[in-house]
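Student: What follows is a structure written as structure tokens; I'll ask about it next.
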Amino acid sequence: MSQTIGDNLESLKARLKSMWEAGDYGRLAPYLEKGALEFLDRLAIPPGDRLLDIACGTGQLAILAARKGIRVTGVDVAANQVEQARARAAEEGVEIALDEGDAESLPYGDASFDVVVSLVGAIFAPRPELVAAEMMRVCKPGGRIVMGNWTPEGHVGQMFRVIRKYVPPLPMPSPLLWGDEPTCRQRLAACKDLRIRREMYPLECRLGPSQAIDLFIQFFGPTHAAHASLTDLDREALHADLTALWTRNNKGANGTTRIMAEYLEIVGITR
């Protein structure tokens, strides 16, 4: 697998960037804010600490952190998402440094941050060993490395399996390996006091599962790109399969959707 990546790294990176710039992630961000806030609150980061949010998207976690007085920097590979995050931060009157950049080669100096976080974002970079090394490098000694990673068994892992029926995976390690505890411990072995536990991320909207799938297909880059690559017949079949999955996992009532998506919450201390 690593040889495959090495031979095609430039084209793979371009494809990943294009995938994340597809759709309009900012339209989904409000539905994801509740889970981001729960994740952030458990960290209890003191005001004034320096936080790096890797794969910050349109700023849902970064803006929540800045509201708490944390000194926030966000970085993402998708230029349009960084621009949306800047616009949101300006609209809300919070100060955040927001940069376009790669989780495998972060544009920051050594030991620049007290806390380095990635909430279901850095898992999608193709070379996880570089992601782990870069997180360690930019975090100060005794600082915290924090990740939230979808598990293979959870709702998002189930979505991956449905989509793979129609679209072959990219030539890179599965992002869901970051949600496998032994793999995660191996990749973050340089941390001390590594704590891993399972948490649930709420996916909620006032629409039924079929309409919720419409939102993900229209606005979430990977699903949007996968859907766009299919024939009309396969698009219908994919939509039907995803709707069936979301319906099975739905705990909402009266035409609403409420799904609890499992992820690993990882907190480690740098040496």
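Ordered as shown in the structure tokens, chains take letters A, B, and onward, while each chain numbers its residues from 1 and ligands are numbered from 1 in the order shown.
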Near region 184-193 of chain A, counting only C-alpha atoms, which residues have an atom at most 12 Å away, once you skip same-chain residues fewer than 6 positions from it, shown as JSON, numbers by chain?
Tutor: {"A": [123, 127, 128, 129, 130, 131, 132, 133, 134, 135, 136, 137, 139, 140, 141, 142, 143, 144, 145, 146, 147, 148, 149, 150, 151, 175, 176, 177, 178, 264, 265, 266, 267, 268, 269, 270, 271]}
Student: I need the strand (DSSP E) residues of region 57-189 of chain A per DSSP on the backbone, written as number ranges by chain.
Tutor: A: 71-76, 96-100, 113-119, 139-150
Student: Show me, as a list in words, the residues that have an atom within 10 Å of Asp102 (chain A) when counting only C-alpha atoms, minus same-chain residues fewer than 6 positions from it.
Tutor: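 Neighbouring residues, sequence-local ones excluded: Lys13, Lys17, Ile54, Ala55, Val75, Asp76, Val77, Ala78, Ala122, Ala125 and Val131 of chain A.
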Student: Near Gly252 (chain A), within 12 Å and counting only C-alpha atoms, which residues show up once chain neighbours fewer than 2 positions away are dropped, as a list in words?
Tutor: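 Contacts, with the query itself left out: Pro202, Leu203, Glu204, Cys205, Arg206, Leu207, Gly208, Pro209, Ala212, Trp246, Thr247, Arg248, Asn249, Asn250, Asn254, Gly255, Thr256, Thr257, Arg258, Ile259 and Met260 of chain A.
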Student: Okay, now the selection with C-alpha atoms, as an mmCIF file, in the first residue's frame?
Tutor:
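Resulting contents of result_10.cif:
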data_model
loop_
_atom_site.group_PDB
_atom_site.id
_atom_site.type_symbol
_atom_site.label_atom_id
_atom_site.label_comp_id
_atom_site.auth_asym_id
_atom_site.auth_seq_id
_atom_site.Cartn_x
_atom_site.Cartn_y
_atom_site.Cartn_z
ATOM 1 C CA PRO A 202 -25.005 13.044 17.659
ATOM 2 C CA LEU A 203 -26.096 13.509 14.045
ATOM 3 C CA GLU A 204 -29.406 15.340 14.272
ATOM 4 C CA CYS A 205 -31.704 17.230 11.953
ATOM 5 C CA ARG A 206 -35.394 18.019 11.628
ATOM 6 C CA LEU A 207 -35.674 15.929 8.493
ATOM 7 C CA GLY A 208 -36.271 12.232 7.963
ATOM 8 C CA PRO A 209 -33.412 9.870 7.018
ATOM 9 C CA ALA A 212 -30.816 13.780 5.625
ATOM 10 C CA TRP A 246 -29.930 5.670 8.427
ATOM 11 C CA THR A 247 -33.474 4.445 9.014
ATOM 12 C CA ARG A 248 -32.218 1.387 10.919
ATOM 13 C CA ASN A 249 -29.951 3.509 13.127
ATOM 14 C CA ASN A 250 -32.379 6.399 13.571
ATOM 15 C CA ASN A 254 -41.978 12.346 14.091
ATOM 16 C CA GLY A 255 -40.043 12.624 10.847
ATOM 17 C CA THR A 256 -36.724 13.702 12.417
ATOM 18 C CA THR A 257 -33.288 12.095 12.376
ATOM 19 C CA ARG A 258 -31.147 11.456 15.437
ATOM 20 C CA ILE A 259 -28.268 9.038 14.994
ATOM 21 C CA MET A 260 -25.508 8.373 17.509
#
Student: When you count only C-alpha atoms, which of these residues is closest to Glu100 (chain A): A:Cys56, A:Ile217, A:Val120, A:Leu64?
Tutor: A:Cys56
Student: Can you tell me which residues surround Asp41 (chain A) at a distance of at most 12 Å, considering only C-alpha atoms, apart from same-chain residues fewer than 4 positions away, and format the answer as a list of chain:residue names?
Tutor: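 Once the adjacent positions are removed, what remains is A:Lys34, A:Gly35, A:Ala36, A:Leu37, A:Ile45, A:Pro46, A:Leu61, A:Leu64, A:Ala65, A:Lys68.
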Student: Restricting the output to N, CA and C atoms, write the selected residues as a PDB file, in the first residue's frame.
Tutor:
ATOM      1  N   LYS A  34     -23.238  20.383  17.796  1.00  0.00           N
ATOM      2  CA  LYS A  34     -23.523  19.833  19.123  1.00  0.00           C
ATOM      3  C   LYS A  34     -22.460  18.826  19.541  1.00  0.00           C
ATOM      4  N   GLY A  35     -22.130  17.904  18.651  1.00  0.00           N
ATOM      5  CA  GLY A  35     -21.105  16.907  18.968  1.00  0.00           C
ATOM      6  C   GLY A  35     -19.745  17.533  19.169  1.00  0.00           C
ATOM      7  N   ALA A  36     -19.418  18.565  18.365  1.00  0.00           N
ATOM      8  CA  ALA A  36     -18.138  19.250  18.521  1.00  0.00           C
ATOM      9  C   ALA A  36     -18.047  19.935  19.879  1.00  0.00           C
ATOM     10  N   LEU A  37     -19.149  20.524  20.330  1.00  0.00           N
ATOM     11  CA  LEU A  37     -19.152  21.200  21.626  1.00  0.00           C
ATOM     12  C   LEU A  37     -18.986  20.192  22.768  1.00  0.00           C
ATOM     13  N   ILE A  45     -10.067  22.887  28.112  1.00  0.00           N
ATOM     14  CA  ILE A  45      -8.855  23.630  27.768  1.00  0.00           C
ATOM     15  C   ILE A  45      -8.915  25.007  28.417  1.00  0.00           C
ATOM     16  N   PRO A  46      -7.907  25.406  29.180  1.00  0.00           N
ATOM     17  CA  PRO A  46      -7.951  26.715  29.852  1.00  0.00           C
ATOM     18  C   PRO A  46      -7.907  27.868  28.846  1.00  0.00           C
ATOM     19  N   LEU A  61     -15.413  23.532  15.321  1.00  0.00           N
ATOM     20  CA  LEU A  61     -14.707  23.359  16.594  1.00  0.00           C
ATOM     21  C   LEU A  61     -13.855  24.584  16.913  1.00  0.00           C
ATOM     22  N   LEU A  64     -15.960  27.489  18.278  1.00  0.00           N
ATOM     23  CA  LEU A  64     -16.414  27.176  19.626  1.00  0.00           C
ATOM     24  C   LEU A  64     -15.284  27.378  20.634  1.00  0.00           C
ATOM     25  N   ALA A  65     -14.075  26.953  20.275  1.00  0.00           N
ATOM     26  CA  ALA A  65     -12.932  27.110  21.177  1.00  0.00           C
ATOM     27  C   ALA A  65     -12.568  28.581  21.363  1.00  0.00           C
ATOM     28  N   LYS A  68     -14.397  30.501  23.894  1.00  0.00           N
ATOM     29  CA  LYS A  68     -14.020  30.210  25.273  1.00  0.00           C
ATOM     30  C   LYS A  68     -12.719  30.897  25.683  1.00  0.00           C
TER      31      LYS A  68
END
Student: Between A:Ala228, A:Met200, A:Ala66, A:Ile163, which is the closest to Asp241 (chain A) once you count only C-alpha atoms?
Tutor: A:Ile163
Student: Considering only C-alpha atoms, return as a list in words whatever protein or nucleic-acid residues lie within 10 Å of Ile96 (chain A), sequence-local ones (same chain, fewer than 2 positions apart) excluded.
Tutor: Gly59, Ala62, Ile63, Ala65, Ala66, Ile70, Arg71, Val72, Thr73, Gly74, Ala85, Arg86, Ala89, Ala90, Gly93, Val94, Leu98 and Asp99 of chain A
Student: When you look at Arg27 (chain A) with a cut-off of 9 Å (counting only C-alpha atoms), what residues show up, excluding the ones that are within fewer than 4 positions of it in the same chain? I need them as an NGL selection string.
Tutor: :A and (23 or 31 or 215 or 219-220)
Student: Mind dumping the selected residues with C-alpha atoms as a PDB file, in the first residue's frame?
Tutor:
ATOM      1  CA  GLY A  23     -20.097  20.159  -2.005  1.00  0.00           C
ATOM      2  CA  TYR A  31     -25.783  19.881  12.309  1.00  0.00           C
ATOM      3  CA  LEU A 215     -28.065  16.842   2.553  1.00  0.00           C
ATOM      4  CA  PHE A 219     -22.983  19.154   0.724  1.00  0.00           C
ATOM      5  CA  PHE A 220     -20.501  16.609   2.180  1.00  0.00           C
TER       6      PHE A 220
END
Student: Between A:His227, A:Leu238, A:Glu181, A:Ser210, single out the one closest to Arg197 (chain A), counting only C-alpha atoms.
Tutor: A:Glu181
Student: Interatomic distance between CA of Ala225 (chain A) and CA of Val167 (chain A)?
Tutor: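 Distance between the two atoms: 9.8 Å.
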Student: Enumerate as a PyMOL selection string all residues of region 26-188 of chain A assigned to helix (DSSP H, G or I) by DSSP on the backbone, naming them with the chain letters and numbers the document uses.
Tutor: chain A and resi 26-27+29-43+60-67+79-92+122-124+128-138+155-164+175-179+181-187
